[in-house]
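One structure is given below, encoded as structure tokens.
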Amino acid sequence: MAPKVNRKTVKKKKTEEPELEPLCCCEYIDRNGEKNHLVASFCDCQDLDEGCDRWITCKSLHPETFERIMDTISDRFRIPWLRGAKKVNITIIPPLILLPVFLHVASWHLLLGIIILTSLPALALGYYYFTHRRKDRTLFFLSLGLFSLGYMYYVFLKEVAPKGRVGHGQLVILTCGLFLILIALRQAKKNPGYLKSPVQNGSLPSNNAVELLNRKGQEKVKGFSGDSLGSVNNRMVKDDPKSYSRTLVESPNKVKEDWCAKCQLVRPARAWHCRICGVCVRRMDHHCIWINSCVGESNHQAFILALSVFLVTSVYGITLALDTICRDRSIFTALFYCPGVYANYSSALSFTCVWYSVIITAGMAYIFLIQLINISYNVTEREVQQALREKTGRRLLCGLIVDTGQYNRGFLRNWHQFSSLGTRTLHPPAEDIV
């Protein structure tokens, strides 16, 4: 009966709120809750004026001022729309502009191509660490990935296919692979297994209940021996102690669970709190910047499928392009030795795009390899990083393989468990039982 009461109170509050005046296509409500117009987007920005003055006078800009400028720009970057201007995420714009410019400039000369193609990964990593430090969600990498797929396909149709070396059947296979990548990415973008917060469900526990959970958890931790405490407590977070507490408690079902003060919920085993998404995820593997979402229990299989389809399609497209540009040469030889490729701008652009695709494919192949190793040892990337920090895992092959030994059941059983992720079971897995 409690949810019904909450709905009625919400309905009453909604009816009591005064109705806002309808907005025209160029008006919007800014982050301060005030009505604004697109025409005034370049007005009344003291932080931007201060930044320009400091730039003109060659003075350094404070990081706080730069963040306020970026927040203001992202809030005012909108397009006219019915019933108010719609906000557009500004991070999707740079890849749409910079990628074609860089690739076209790189195709002018071999030296330019080497400089630009080697600097692109460094720029991407720099932007990643900048956003990761601020713990911000960004659409930059998702926009870069999708636009790279579309632009490589466009260059292939415009520059490679007309040369007559690619058959209709091969073009159909490549097009089908592209659509399969998009379908797999859409599946991977779905709910990774978010844990619903009691705050959203209207069943937030009281402070007394929270204190009781913490007290029980502390007593439970004191009762462990040194070895068992090390094996169970290897998921404790050291780098972010103020964000949320991770106190072990025992539910009536005797399932190992953690209390998250951020989400105000009790988490099952292997669930983690994502600082970027701000929610807890079941069996969280990592937060993937390429899909702008977490990889967890419900979308891990789709993530692996998207990686595998991308790798197969990308290698196939690279093979077709090199066979057209550098005839009568093997694929590996054509990558490093293709005489006369820069004599023609069309072939130079195609060759540059091939190398760009090779770099992206190599990076994704490394991620795919790490994922296969982790699945084979039944360990998540989050657990690997935690084990490396606490030096509790067994490192093999120069750290490429990290075996925590906590959930490893053997190669076949690990893959069987991965294939059954997302399916509801009547009994909890043995790894979740304390």
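Chain identifiers are assigned as A, B, and so on, following the order in which chains appear in the structure tokens; residues are numbered from 1 within each chain, and ligands are numbered from 1 in order of appearance.
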
| field | Residues flagged alpha helix (DSSP H) by DSSP in range 8-152 of chain A, as a ChimeraX atom specification | value | /A:8-16,46-56,63-76,93-106,110-134,140-152

| task | Pull the strand (DSSP E or B) assignments for range 43-111 of chain A out of DSSP run on the backbone, and list those residues as a VMD selection string. | result | chain A and resid 78 to 79 86 to 87

Export all heavy atoms of the chosen residues as an mmCIF file, in the first residue's frame?
data_model
loop_
_atom_site.group_PDB
_atom_site.id
_atom_site.type_symbol
_atom_site.label_atom_id
_atom_site.label_comp_id
_atom_site.auth_asym_id
_atom_site.auth_seq_id
_atom_site.Cartn_x
_atom_site.Cartn_y
_atom_site.Cartn_z
ATOM 1 N N ARG A 78 23.220 24.254 -28.066
ATOM 2 C CA ARG A 78 21.903 23.670 -28.341
ATOM 3 C C ARG A 78 21.505 23.946 -29.782
ATOM 4 O O ARG A 78 22.093 24.791 -30.462
ATOM 5 C CB ARG A 78 20.837 24.243 -27.389
ATOM 6 C CG ARG A 78 21.121 23.962 -25.908
ATOM 7 C CD ARG A 78 20.173 24.699 -24.993
ATOM 8 N NE ARG A 78 20.471 24.468 -23.594
ATOM 9 C CZ ARG A 78 19.861 23.576 -22.821
ATOM 10 N NH1 ARG A 78 18.900 22.817 -23.335
ATOM 11 N NH2 ARG A 78 20.187 23.437 -21.549
ATOM 12 N N ILE A 79 20.482 23.211 -30.218
ATOM 13 C CA ILE A 79 19.914 23.399 -31.553
ATOM 14 C C ILE A 79 18.428 23.704 -31.412
ATOM 15 O O ILE A 79 17.775 23.227 -30.470
ATOM 16 C CB ILE A 79 20.125 22.144 -32.437
ATOM 17 C CG1 ILE A 79 19.500 20.908 -31.780
ATOM 18 C CG2 ILE A 79 21.597 21.913 -32.698
ATOM 19 C CD1 ILE A 79 19.541 19.671 -32.638
ATOM 20 N N LYS A 86 17.066 21.975 -27.944
ATOM 21 C CA LYS A 86 17.596 20.741 -27.392
ATOM 22 C C LYS A 86 19.100 20.870 -27.169
ATOM 23 O O LYS A 86 19.824 21.396 -28.014
ATOM 24 C CB LYS A 86 17.319 19.567 -28.336
ATOM 25 C CG LYS A 86 15.844 19.191 -28.447
ATOM 26 C CD LYS A 86 15.304 18.631 -27.144
ATOM 27 C CE LYS A 86 13.861 18.181 -27.304
ATOM 28 N NZ LYS A 86 13.305 17.645 -26.038
ATOM 29 N N LYS A 87 19.558 20.340 -26.047
ATOM 30 C CA LYS A 87 20.974 20.365 -25.710
ATOM 31 C C LYS A 87 21.718 19.279 -26.475
ATOM 32 O O LYS A 87 21.270 18.141 -26.548
ATOM 33 C CB LYS A 87 21.156 20.170 -24.206
ATOM 34 C CG LYS A 87 22.590 20.298 -23.731
ATOM 35 C CD LYS A 87 22.658 20.151 -22.211
ATOM 36 C CE LYS A 87 24.088 20.249 -21.726
ATOM 37 N NZ LYS A 87 24.185 20.106 -20.247
#

Compile a residue-level contact table for range 80-111 of chain A against range 146-163 of chain A at a cut-off of 9 Å, reporting for every qualifying residue the shortest atom pair and its distance in Å to one decimal, with only C-alpha atoms counted, rows ordered by chain and ascending number, as a tab-separated table.
residue	atom	partner	partner_atom	distance
A:Pro95	CA	A:Phe147	CA	7.3
A:Leu96	CA	A:Phe147	CA	6.8
A:Leu99	CA	A:Ser148	CA	7.9
A:Pro100	CA	A:Tyr151	CA	8.0

| request: Would you mind telling me which residue in A:Trp272, A:Trp259, A:Trp355, A:Phe336 lies nearest to Asp285 in chain A when using only C-alpha atoms? | output: A:Trp272

| message | I want to know what sits within 8 Å of range 311-313 of chain A, based on only C-alpha atoms, with residues of the same chain fewer than 4 positions away left out; could you give that as a PyMOL selection string? | response | chain A and resi 174+177-178+307+317+361+364-365

| field | Shell around range 180-195 of chain A at 9 Å using only C-alpha atoms, local window under 2 positions removed, as an MDAnalysis selection string | value | chainID A and resid 146 175:178 197 263 265 267 271 279:284 291:307 309:310 313 422

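Computed from the coordinates, the CA of Asn408 in chain A to CA of Arg394 in chain A distance equals 12.0 Å.
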
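Proximity of A:His37, A:Gly393, A:Asn378, A:Leu335 to His416 in chain A, computed with only C-alpha atoms, is greatest for A:Asn378.
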
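Between Phe140 in chain A and the residues A:Gln264, A:Thr72, A:Thr57, A:Thr91, the shortest atom-to-atom distance, using only C-alpha atoms, involves A:Thr91.
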
| field | Atomic separation - CA of Trp415 in chain A relative to CA of Ile375 in chain A, Å | value | 6.5 Å

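Using only C-alpha atoms, the protein and nucleic acid residues lying no more than 10 Å from Ala343 in chain A, apart from those fewer than 5 places from it along its own chain, are Trp108, His109 and Ala348 of chain A.
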
Output for the residues just chosen: N, CA and C atoms as a compact mmCIF listing (two decimals), in the first residue's frame:
# COMPACT_ATOMS: atom_id res chain seq x y z
N TRP A 108 49.02 13.50 -47.45
CA TRP A 108 49.82 14.35 -48.33
C TRP A 108 51.24 13.82 -48.51
N HIS A 109 51.81 13.26 -47.43
CA HIS A 109 53.20 12.80 -47.49
C HIS A 109 53.39 11.69 -46.47
N ALA A 348 46.71 7.31 -51.81
CA ALA A 348 47.35 7.77 -50.57
C ALA A 348 46.34 7.88 -49.43
